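The file structure-v1.txt contains compact mmCIF, C-alpha atoms and all ligand atoms:
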# COMPACT_ATOMS: atom_id res chain seq x y z
CA MET A 104 -10.68 11.39 -25.28
CA SER A 105 -12.70 8.27 -24.49
CA LYS A 106 -15.53 7.23 -26.81
CA LEU A 107 -18.42 9.67 -26.38
CA ARG A 108 -22.08 8.76 -26.06
CA ARG A 109 -25.08 10.72 -27.26
CA LEU A 110 -27.06 12.30 -24.42
CA GLY A 111 -30.65 11.23 -25.03
CA GLN A 112 -31.78 12.40 -28.49
CA THR A 113 -29.83 15.65 -28.19
CA ASP A 114 -26.80 17.03 -29.99
CA LEU A 115 -24.64 16.70 -26.86
CA TYR A 116 -22.02 13.94 -26.65
CA VAL A 117 -20.62 12.93 -23.28
CA SER A 118 -18.13 10.48 -21.80
CA ALA A 119 -19.59 7.38 -20.12
CA LEU A 120 -18.33 8.83 -16.83
CA GLY A 121 -18.96 12.35 -15.61
CA LEU A 122 -17.53 13.77 -12.39
CA GLY A 123 -20.00 14.04 -9.49
CA THR A 124 -19.35 17.14 -7.38
CA TRP A 125 -21.68 16.97 -4.38
CA GLN A 126 -18.46 16.34 -2.41
CA TYR A 127 -17.48 19.98 -2.99
CA SER A 128 -20.12 21.46 -0.70
CA THR A 129 -17.65 22.18 2.12
CA ASN A 130 -20.26 21.47 4.77
CA GLU A 131 -22.43 24.34 3.55
CA GLY A 132 -26.23 24.08 3.70
CA LYS A 133 -28.39 21.16 4.83
CA ASN A 134 -27.13 19.00 2.03
CA GLY A 135 -23.44 19.67 2.57
CA THR A 136 -22.97 17.87 5.88
CA MET A 137 -22.88 14.49 4.16
CA TRP A 138 -19.22 14.82 3.18
CA GLU A 139 -15.95 15.93 4.76
CA SER A 140 -14.71 19.27 3.38
CA VAL A 141 -12.40 18.97 0.39
CA GLU A 142 -9.57 21.53 -0.04
CA ALA A 143 -9.88 23.91 -3.02
CA GLU A 144 -6.49 22.74 -4.34
CA THR A 145 -7.62 19.09 -4.25
CA ILE A 146 -10.79 20.01 -6.11
CA TYR A 147 -8.67 21.80 -8.70
CA ASP A 148 -6.43 18.72 -9.09
CA ILE A 149 -9.39 16.35 -9.42
CA ILE A 150 -11.23 18.47 -11.99
CA LYS A 151 -8.04 19.09 -13.96
CA PHE A 152 -7.10 15.41 -14.03
CA SER A 153 -10.64 14.34 -14.93
CA LEU A 154 -10.97 16.78 -17.83
CA GLN A 155 -7.53 15.93 -19.17
CA ASN A 156 -8.05 12.18 -19.00
CA GLY A 157 -11.29 11.26 -20.72
CA ILE A 158 -14.11 12.94 -18.81
CA ASN A 159 -15.87 15.78 -20.64
CA TRP A 160 -18.65 16.75 -18.22
CA LEU A 161 -19.29 17.65 -14.59
CA ASP A 162 -22.48 17.17 -12.60
CA THR A 163 -23.41 19.69 -9.93
CA ALA A 164 -26.54 21.23 -8.35
CA GLU A 165 -27.82 24.40 -6.76
CA ILE A 166 -28.35 22.48 -3.51
CA TYR A 167 -24.74 21.23 -3.21
CA GLY A 168 -23.63 23.64 -0.51
CA ASN A 169 -26.11 26.30 -1.73
CA GLY A 170 -24.02 26.96 -4.82
CA THR A 171 -20.63 26.14 -3.25
CA SER A 172 -20.00 23.25 -5.64
CA GLU A 173 -21.02 25.35 -8.66
CA ASN A 174 -18.72 28.11 -7.44
CA PHE A 175 -15.75 25.72 -7.15
CA ILE A 176 -16.40 24.51 -10.69
CA GLY A 177 -16.60 28.06 -12.04
CA ASN A 178 -13.38 29.16 -10.34
CA THR A 179 -11.50 26.00 -11.31
CA LEU A 180 -12.53 26.19 -14.97
CA GLN A 181 -11.49 29.85 -15.16
CA ARG A 182 -8.11 28.98 -13.67
CA LEU A 183 -7.65 26.04 -16.06
CA LYS A 184 -8.52 28.28 -19.01
CA LYS A 185 -5.98 30.90 -17.91
CA GLU A 186 -3.37 28.16 -17.67
CA ALA A 187 -4.36 26.90 -21.15
CA ALA A 188 -4.80 23.51 -19.49
CA LEU A 189 -8.05 22.58 -21.25
CA LEU A 190 -8.17 21.22 -24.79
CA ARG A 191 -11.94 21.78 -24.99
CA GLU A 192 -14.75 23.32 -22.95
CA PRO A 193 -16.32 20.73 -20.66
CA LEU A 194 -20.08 20.31 -20.56
CA ILE A 195 -21.84 21.25 -17.34
CA ALA A 196 -24.92 19.65 -15.85
CA SER A 197 -26.60 21.42 -12.94
CA LYS A 198 -29.97 21.13 -11.21
CA TRP A 199 -32.75 23.38 -9.98
CA PHE A 200 -33.92 22.40 -6.48
CA PRO A 201 -37.73 22.15 -6.40
CA LEU A 202 -38.52 21.20 -2.79
CA ALA A 203 -41.39 23.41 -1.56
CA ARG A 204 -40.70 25.80 -4.44
CA ALA A 205 -42.83 26.91 -7.37
CA ALA A 206 -41.77 26.94 -11.03
CA SER A 207 -41.44 30.74 -10.81
CA SER A 208 -38.15 30.18 -8.96
CA ILE A 209 -36.62 28.56 -12.09
CA PRO A 210 -36.13 31.87 -13.97
CA LYS A 211 -35.42 33.69 -10.67
CA THR A 212 -32.45 31.46 -9.74
CA ILE A 213 -30.85 30.69 -13.11
CA ASP A 214 -28.70 33.83 -13.22
CA THR A 215 -27.09 32.91 -9.90
CA ARG A 216 -26.24 29.47 -11.31
CA LEU A 217 -24.66 31.06 -14.39
CA LYS A 218 -22.78 33.56 -12.23
CA TYR A 219 -21.35 30.86 -9.96
CA LEU A 220 -20.45 28.58 -12.85
CA GLN A 221 -19.11 31.57 -14.83
CA VAL A 222 -20.67 30.32 -18.07
CA PRO A 223 -23.29 31.86 -20.40
CA THR A 224 -25.19 28.56 -20.77
CA ILE A 225 -25.68 25.37 -18.75
CA ASP A 226 -25.53 22.35 -21.08
CA LEU A 227 -27.93 20.14 -19.14
CA TYR A 228 -30.32 21.63 -16.58
CA GLN A 229 -32.19 19.10 -14.47
CA ILE A 230 -35.24 19.24 -12.21
CA HIS A 231 -33.62 17.73 -9.12
CA GLN A 232 -36.70 15.95 -7.72
CA PRO A 233 -40.41 15.61 -8.46
CA THR A 234 -41.26 17.76 -5.42
CA SER A 235 -42.21 21.20 -6.74
CA ARG A 236 -45.32 23.06 -5.60
CA SER A 237 -46.08 23.72 -9.29
CA SER A 238 -47.38 21.23 -11.85
CA LEU A 239 -44.85 19.45 -14.05
CA ASP A 240 -46.33 21.35 -16.99
CA LYS A 241 -45.43 24.70 -15.36
CA GLN A 242 -41.91 23.49 -14.51
CA ILE A 243 -41.28 22.23 -18.06
CA GLU A 244 -42.64 25.47 -19.48
CA ALA A 245 -40.20 27.48 -17.34
CA MET A 246 -37.30 25.22 -18.31
CA VAL A 247 -38.13 25.51 -22.04
CA LYS A 248 -38.18 29.32 -21.71
CA LEU A 249 -34.63 29.13 -20.33
CA ALA A 250 -33.62 27.04 -23.36
CA GLU A 251 -35.23 29.59 -25.70
CA ALA A 252 -33.25 32.32 -23.94
CA ASN A 253 -30.04 30.24 -24.44
CA LYS A 254 -29.45 30.08 -20.70
CA ILE A 255 -29.58 26.29 -20.87
CA LYS A 256 -29.18 23.85 -23.76
CA GLN A 257 -30.94 20.62 -22.80
CA ILE A 258 -33.39 19.55 -20.11
CA GLY A 259 -33.21 16.57 -17.78
CA VAL A 260 -34.94 15.35 -14.63
CA SER A 261 -33.76 13.47 -11.56
CA ASN A 262 -35.40 11.01 -9.19
CA PHE A 263 -38.44 10.81 -11.49
CA THR A 264 -40.54 7.64 -11.67
CA ALA A 265 -41.17 6.05 -15.07
CA LYS A 266 -44.60 7.71 -15.26
CA GLN A 267 -43.24 11.16 -14.34
CA MET A 268 -40.35 10.76 -16.77
CA ILE A 269 -42.67 9.77 -19.65
CA LYS A 270 -44.86 12.79 -18.88
CA ALA A 271 -41.87 15.15 -18.81
CA ASP A 272 -40.76 13.82 -22.20
CA LEU A 273 -44.26 14.26 -23.62
CA LEU A 274 -44.53 17.84 -22.31
CA LEU A 275 -41.15 18.63 -23.85
CA LYS A 276 -42.13 17.05 -27.18
CA GLU A 277 -45.22 19.28 -27.26
CA ARG A 278 -42.77 22.19 -27.09
CA GLY A 279 -40.34 20.88 -29.71
CA MET A 280 -37.75 19.36 -27.35
CA THR A 281 -37.12 15.91 -25.83
CA LEU A 282 -36.13 14.84 -22.33
CA ALA A 283 -32.37 14.28 -22.37
CA SER A 284 -31.95 12.29 -19.16
CA ASN A 285 -33.25 11.03 -15.85
CA GLN A 286 -30.64 11.00 -13.05
CA VAL A 287 -31.43 8.22 -10.58
CA LYS A 288 -29.69 6.13 -7.96
CA TYR A 289 -28.40 3.03 -9.72
CA ASN A 290 -25.58 0.64 -8.91
CA LEU A 291 -24.91 -3.06 -8.30
CA LEU A 292 -26.46 -2.78 -4.84
CA HIS A 293 -29.37 -0.60 -5.89
CA LYS A 294 -31.02 -1.90 -9.03
CA LYS A 295 -34.47 -0.34 -8.60
CA PRO A 296 -34.40 1.33 -12.05
CA GLU A 297 -34.32 -2.19 -13.55
CA LYS A 298 -37.48 -3.14 -11.67
CA ASN A 299 -39.61 0.01 -11.47
CA GLY A 300 -39.93 0.62 -15.22
CA VAL A 301 -37.52 3.60 -15.39
CA LEU A 302 -34.86 1.80 -17.41
CA GLU A 303 -37.35 0.13 -19.72
CA ALA A 304 -39.21 3.38 -20.51
CA ALA A 305 -35.93 5.30 -20.93
CA LYS A 306 -34.70 2.67 -23.40
CA GLU A 307 -37.92 2.91 -25.38
CA LEU A 308 -37.89 6.73 -25.52
CA GLY A 309 -34.14 7.16 -26.01
CA ILE A 310 -33.64 8.93 -22.67
CA THR A 311 -30.23 8.60 -21.05
CA ILE A 312 -30.03 7.32 -17.48
CA ILE A 313 -27.44 9.10 -15.33
CA ALA A 314 -26.55 6.81 -12.43
CA TYR A 315 -25.83 8.65 -9.18
CA SER A 316 -24.14 7.08 -6.14
CA PRO A 317 -22.62 4.59 -8.61
CA LEU A 318 -20.25 3.26 -5.93
CA GLN A 319 -22.98 3.18 -3.26
CA GLN A 320 -21.00 5.99 -1.60
CA GLY A 321 -17.86 3.85 -1.25
CA LEU A 322 -19.31 0.41 -0.50
CA LEU A 323 -18.74 -0.84 -4.06
CA THR A 324 -15.04 0.03 -3.91
CA GLY A 325 -14.45 -2.81 -1.43
CA ARG A 326 -12.82 -0.45 1.06
CA PHE A 327 -15.32 -1.16 3.83
CA HIS A 328 -15.22 -4.91 3.16
CA GLU A 329 -11.45 -4.77 3.54
CA GLN A 330 -11.45 -2.39 6.52
CA PRO A 331 -14.84 -2.44 8.27
CA GLU A 332 -13.45 -0.18 11.03
CA ALA A 333 -13.31 2.67 8.45
CA LEU A 334 -17.10 2.87 8.73
CA ALA A 335 -16.66 4.74 12.01
CA LYS A 336 -15.42 7.85 10.16
CA ILE A 337 -18.43 8.13 7.85
CA SER A 338 -21.22 10.68 8.51
CA ARG A 339 -24.45 9.36 10.01
CA LEU A 340 -26.45 10.62 7.04
CA ARG A 341 -24.23 8.72 4.61
CA LYS A 342 -24.46 5.54 6.70
CA ILE A 343 -28.25 5.74 6.58
CA GLN A 344 -28.51 6.72 2.92
CA SER A 345 -26.26 3.93 1.63
CA HIS A 346 -26.81 1.29 4.33
CA LEU A 347 -23.15 1.50 5.26
CA ASN A 348 -23.08 -0.92 8.20
CA GLN A 349 -21.63 -4.26 9.29
CA LYS A 350 -24.79 -6.13 8.34
CA THR A 351 -24.58 -4.90 4.75
CA ILE A 352 -20.91 -5.74 4.55
CA LYS A 353 -21.68 -9.31 5.61
CA ARG A 354 -24.68 -9.63 3.29
CA THR A 355 -22.76 -8.35 0.26
CA GLN A 356 -19.68 -10.61 0.68
CA PRO A 357 -20.55 -12.81 -2.37
CA LEU A 358 -20.67 -9.72 -4.60
CA TYR A 359 -17.45 -8.35 -3.14
CA ALA A 360 -15.76 -11.73 -3.73
CA GLU A 361 -16.72 -11.68 -7.44
CA LEU A 362 -15.72 -8.01 -7.86
CA LYS A 363 -12.35 -8.78 -6.24
CA LYS A 364 -11.84 -11.84 -8.45
CA LEU A 365 -12.49 -9.79 -11.60
CA SER A 366 -10.31 -6.94 -10.34
CA LEU A 367 -7.37 -9.36 -10.03
CA GLU A 368 -8.10 -10.88 -13.44
CA TYR A 369 -8.08 -7.43 -15.12
CA GLY A 370 -5.38 -5.93 -12.92
CA VAL A 371 -7.73 -3.10 -11.92
CA SER A 372 -9.54 -2.02 -8.73
CA VAL A 373 -12.87 -3.19 -7.31
CA ALA A 374 -14.29 0.32 -7.91
CA GLN A 375 -13.37 0.09 -11.59
CA ILE A 376 -15.18 -3.25 -11.96
CA SER A 377 -18.31 -1.84 -10.24
CA LEU A 378 -18.34 1.21 -12.52
CA ASN A 379 -17.63 -0.91 -15.58
CA TRP A 380 -20.71 -3.01 -14.91
CA LEU A 381 -22.80 0.17 -14.65
CA ILE A 382 -21.68 1.77 -17.91
CA HIS A 383 -21.83 -1.45 -19.97
CA SER A 384 -24.53 -3.75 -18.64
CA GLN A 385 -27.33 -1.79 -20.36
CA GLY A 386 -25.49 -0.99 -23.58
CA SER A 387 -24.60 2.69 -23.78
CA MET A 388 -27.73 4.25 -22.26
CA VAL A 389 -26.36 4.48 -18.68
CA LEU A 390 -23.76 7.06 -17.66
CA ALA A 391 -22.21 7.16 -14.19
CA ILE A 392 -21.06 10.14 -12.12
CA PRO A 393 -18.77 8.91 -9.32
CA GLY A 394 -17.80 11.55 -6.78
CA ALA A 395 -14.20 11.80 -5.56
CA SER A 396 -12.73 13.55 -2.54
CA LYS A 397 -9.13 12.52 -3.32
CA LEU A 398 -7.16 12.75 -6.56
CA LYS A 399 -6.28 9.07 -6.46
CA GLN A 400 -9.97 8.12 -6.37
CA ALA A 401 -10.66 10.15 -9.52
CA GLN A 402 -7.58 8.66 -11.20
CA GLU A 403 -8.71 5.19 -10.31
CA ASN A 404 -12.33 5.67 -11.36
CA ILE A 405 -11.41 7.07 -14.78
CA GLY A 406 -9.43 3.87 -15.44
CA THR A 407 -12.73 2.06 -15.97
CA LEU A 408 -12.98 3.76 -19.37
CA GLU A 409 -10.02 1.65 -20.54
CA PHE A 410 -11.61 -1.81 -20.60
CA THR A 411 -14.96 -3.61 -20.97
CA LEU A 412 -16.11 -6.64 -19.01
CA SER A 413 -17.38 -9.51 -21.16
CA ASN A 414 -21.13 -10.14 -21.47
CA ALA A 415 -20.79 -13.27 -19.38
CA GLN A 416 -19.00 -11.34 -16.62
CA LEU A 417 -21.61 -8.54 -16.69
CA LYS A 418 -24.41 -11.09 -16.44
CA LYS A 419 -22.73 -12.99 -13.62
CA LEU A 420 -22.37 -9.79 -11.56
CA SER A 421 -26.05 -8.96 -12.17
CA ALA A 422 -27.08 -12.47 -11.12
CA ILE A 423 -25.01 -12.36 -7.93
CA SER A 424 -26.40 -8.96 -6.96
CA ASP A 425 -29.96 -10.24 -7.58
CA CYS A 426 -29.40 -13.01 -5.02
CA LEU A 427 -28.10 -10.84 -2.15
N1 LIG B 1 -29.63 13.63 -8.26
C1 LIG B 1 -29.53 13.27 -7.02
O1 LIG B 1 -30.50 13.27 -6.24
C2 LIG B 1 -28.18 12.86 -6.51
C3 LIG B 1 -28.05 12.20 -5.26
C4 LIG B 1 -26.77 11.80 -4.86
C5 LIG B 1 -25.67 12.08 -5.67
N2 LIG B 1 -25.81 12.75 -6.85
C6 LIG B 1 -24.65 13.03 -7.73
O2 LIG B 1 -23.93 11.82 -7.92
C7 LIG B 1 -22.55 11.97 -7.54
C8 LIG B 1 -22.02 10.67 -7.01
O3 LIG B 1 -22.84 10.12 -6.00
P1 LIG B 1 -22.38 10.01 -4.48
O4 LIG B 1 -21.35 11.02 -4.22
O5 LIG B 1 -23.61 9.99 -3.66
O6 LIG B 1 -21.79 8.53 -4.37
P2 LIG B 1 -20.56 7.72 -5.02
O7 LIG B 1 -20.06 8.38 -6.23
O8 LIG B 1 -21.06 6.33 -5.11
O9 LIG B 1 -19.48 7.76 -3.84
C9 LIG B 1 -18.53 8.78 -3.75
C10 LIG B 1 -17.62 8.52 -2.56
O10 LIG B 1 -17.08 7.21 -2.64
C11 LIG B 1 -15.72 7.22 -2.26
N3 LIG B 1 -14.90 6.85 -3.43
C12 LIG B 1 -15.02 7.30 -4.70
N4 LIG B 1 -14.11 6.70 -5.50
C13 LIG B 1 -13.42 5.86 -4.71
C14 LIG B 1 -12.35 4.97 -4.95
N5 LIG B 1 -11.86 4.79 -6.17
N6 LIG B 1 -11.85 4.26 -3.90
C15 LIG B 1 -12.36 4.39 -2.66
N7 LIG B 1 -13.37 5.23 -2.37
C16 LIG B 1 -13.90 5.96 -3.39
C17 LIG B 1 -15.40 8.61 -1.76
O11 LIG B 1 -15.65 8.62 -0.36
P3 LIG B 1 -14.76 9.51 0.67
O12 LIG B 1 -15.02 10.92 0.27
O13 LIG B 1 -15.25 9.14 2.02
O14 LIG B 1 -13.33 9.09 0.45
C18 LIG B 1 -16.42 9.44 -2.52
O15 LIG B 1 -16.71 10.65 -1.88
C19 LIG B 1 -22.58 13.14 -6.54
O16 LIG B 1 -21.33 13.76 -6.41
C20 LIG B 1 -23.63 14.03 -7.16
O17 LIG B 1 -23.06 14.78 -8.23
C21 LIG B 1 -27.06 13.11 -7.28
Show me this structure written as structure tokens.
Amino acid sequence: MSKLRRLGQTDLYVSALGLGTWQYSTNEGKNGTMWESVEAETIYDIIKFSLQNGINWLDTAEIYGNGTSENFIGNTLQRLKKEAALLREPLIASKWFPLARAASSIPKTIDTRLKYLQVPTIDLYQIHQPTSRSSLDKQIEAMVKLAEANKIKQIGVSNFTAKQMIKADLLLKERGMTLASNQVKYNLLHKKPEKNGVLEAAKELGITIIAYSPLQQGLLTGRFHEQPEALAKISRLRKIQSHLNQKTIKRTQPLYAELKKLSLEYGVSVAQISLNWLIHSQGSMVLAIPGASKLKQAQENIGTLEFTLSNAQLKKLSAISDCL
């Protein structure tokens, strides 16, 4: 097992990488069309490999295929347990989807999450976005009630600004808990959390940052720099969301060149260097949750837990990305 990190100020300890599972939406729901369908057997192989090789937690959400991703996780974990293939229970992070919904839907939907995941408790339950019809106070109150009922253990948020995150932490502290994490988009090509106060406030309050889209949906693996024609196969939504286009590939060449240079120096892949920067450049407060649709991607990504870039190398990558 790789060295574990404390999740916020909680009693949960997690690996620097978790497995992102939005990919397992099999084109279900509005949110599922982003990714090609992944076969159940491939999902099984990826989860099994990840949990046996240093990852101890999985990130999912209600909205990923309207429960499809949670369902895959539940079925896979049951199968792995039957096969005695797990040394320890993994931790599970899921999310309530608040768009145009009131806080009253938090207790109404939790039992479906638990049923799909086939667990009695979700370790980290996150408010997916700051978009509920209810006040943050009402949402936090509903989340705390779930914790008191042992349906969830810890509470996190996602896509929250620094101000919203600080408020969520305060509201939790008034109720005897703390905010465990804020899950935001963060990678070498998207460093907003460094500039909008999220990282700074999280550091001050001891809140963990969970970096989503850590590979900028494939761009930071170098695969589109090496084969720009592969862009044609990517969904339109993904192209828009991650600026996957020829212009970006051209603009980001200096970063790709440095990532490639380091990958040759360490004998690892470009993806591993990108992830390594993410989980080390801010000490241990940033975790990353790369998604994988193929076993070899998961195998490769986990390899980043085996080495650490030097401070000078981390700083050089930051400086290059700042100049793009
Ligand atoms: N909270 C939120 O609002 C939010 C938003 C987005 C994501 N998330 C979470 O974060 C996770 C990760 O984010 P993401 O899926 O958007 O982006 P990502 O992890 O940056 O990119 C994942 C994609 O990159 C490609 N990839 C991964 N490893 C690779 C490797 N070693 N070599 C080549 N290609 C590789 C794969 O593309 P192909 O499938 O095309 O091969 C994979 O599907 C999600 O699964 C989800 O759990 C949360």
**Asked** What residues have any atom no more than 6 Å from ligand LIG 1 (chain B) when counting only C-alpha atoms and all ligand atoms, and can you list them as number ranges by chain?
**Response** A: 123-126, 162-163, 231, 261, 286, 315-321, 324, 374, 392-396, 400, 403-404
**Prompt:** Could you list as number ranges by chain every residue that has an atom within 10 Å of (-49.6, 23.5, -5.8), using the file's coordinates and counting all atoms listed in the file?
**Reply:** A: 203-205, 235-238
Around all of segment 193-212 of chain A's listed atoms, make the axis-aligned box with 8 Å on each side and tell me centre and edge lengths in Å to one decimal, as AutoDock Vina command-line options.
--center_x -29.6 --center_y 26.7 --center_z -11.1 --size_x 42.5 --size_y 30.0 --size_z 35.1
**Fill in**
atom CA of Thr215 of chain A to atom CA of Thr179 of chain A measures 17.1 Å
**Request:** Give me, please, the distance in Å between atom CA of Gly157 of chain A and atom CA of Gly370 of chain A, quoted to one decimal.
**Result:** 19.8 Å
**Asked** Within 9 Å of (-28.3, 35.9, -24.7), all atoms listed in the file: residues as number ranges by chain?
**Response** A: 223-224, 252-254
Mind writing the picked residues with C-alpha atoms as an mmCIF file, in the frame of the given file?
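As written to disk, result_11.cif reads:
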data_model
loop_
_atom_site.group_PDB
_atom_site.id
_atom_site.type_symbol
_atom_site.label_atom_id
_atom_site.label_comp_id
_atom_site.auth_asym_id
_atom_site.auth_seq_id
_atom_site.Cartn_x
_atom_site.Cartn_y
_atom_site.Cartn_z
ATOM 1 C CA PRO A 223 -23.290 31.860 -20.400
ATOM 2 C CA THR A 224 -25.190 28.560 -20.770
ATOM 3 C CA ALA A 252 -33.250 32.320 -23.940
ATOM 4 C CA ASN A 253 -30.040 30.240 -24.440
ATOM 5 C CA LYS A 254 -29.450 30.080 -20.700
#
**Message:** For a test of reading the model, state the distance in Å between atom CA of Tyr228 of chain A and atom CA of Val260 of chain A, rounded to one decimal.
**Reply:**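 Distance reported for this atom pair: 8.0 Å.
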**Item:** Spatial neighbours of Gly177 of chain A, max dist 9 Å, all atoms listed in the file, sep filter under 5 positions, as a PyMOL selection string
**Value:** chain A and resi 172+182+217-222
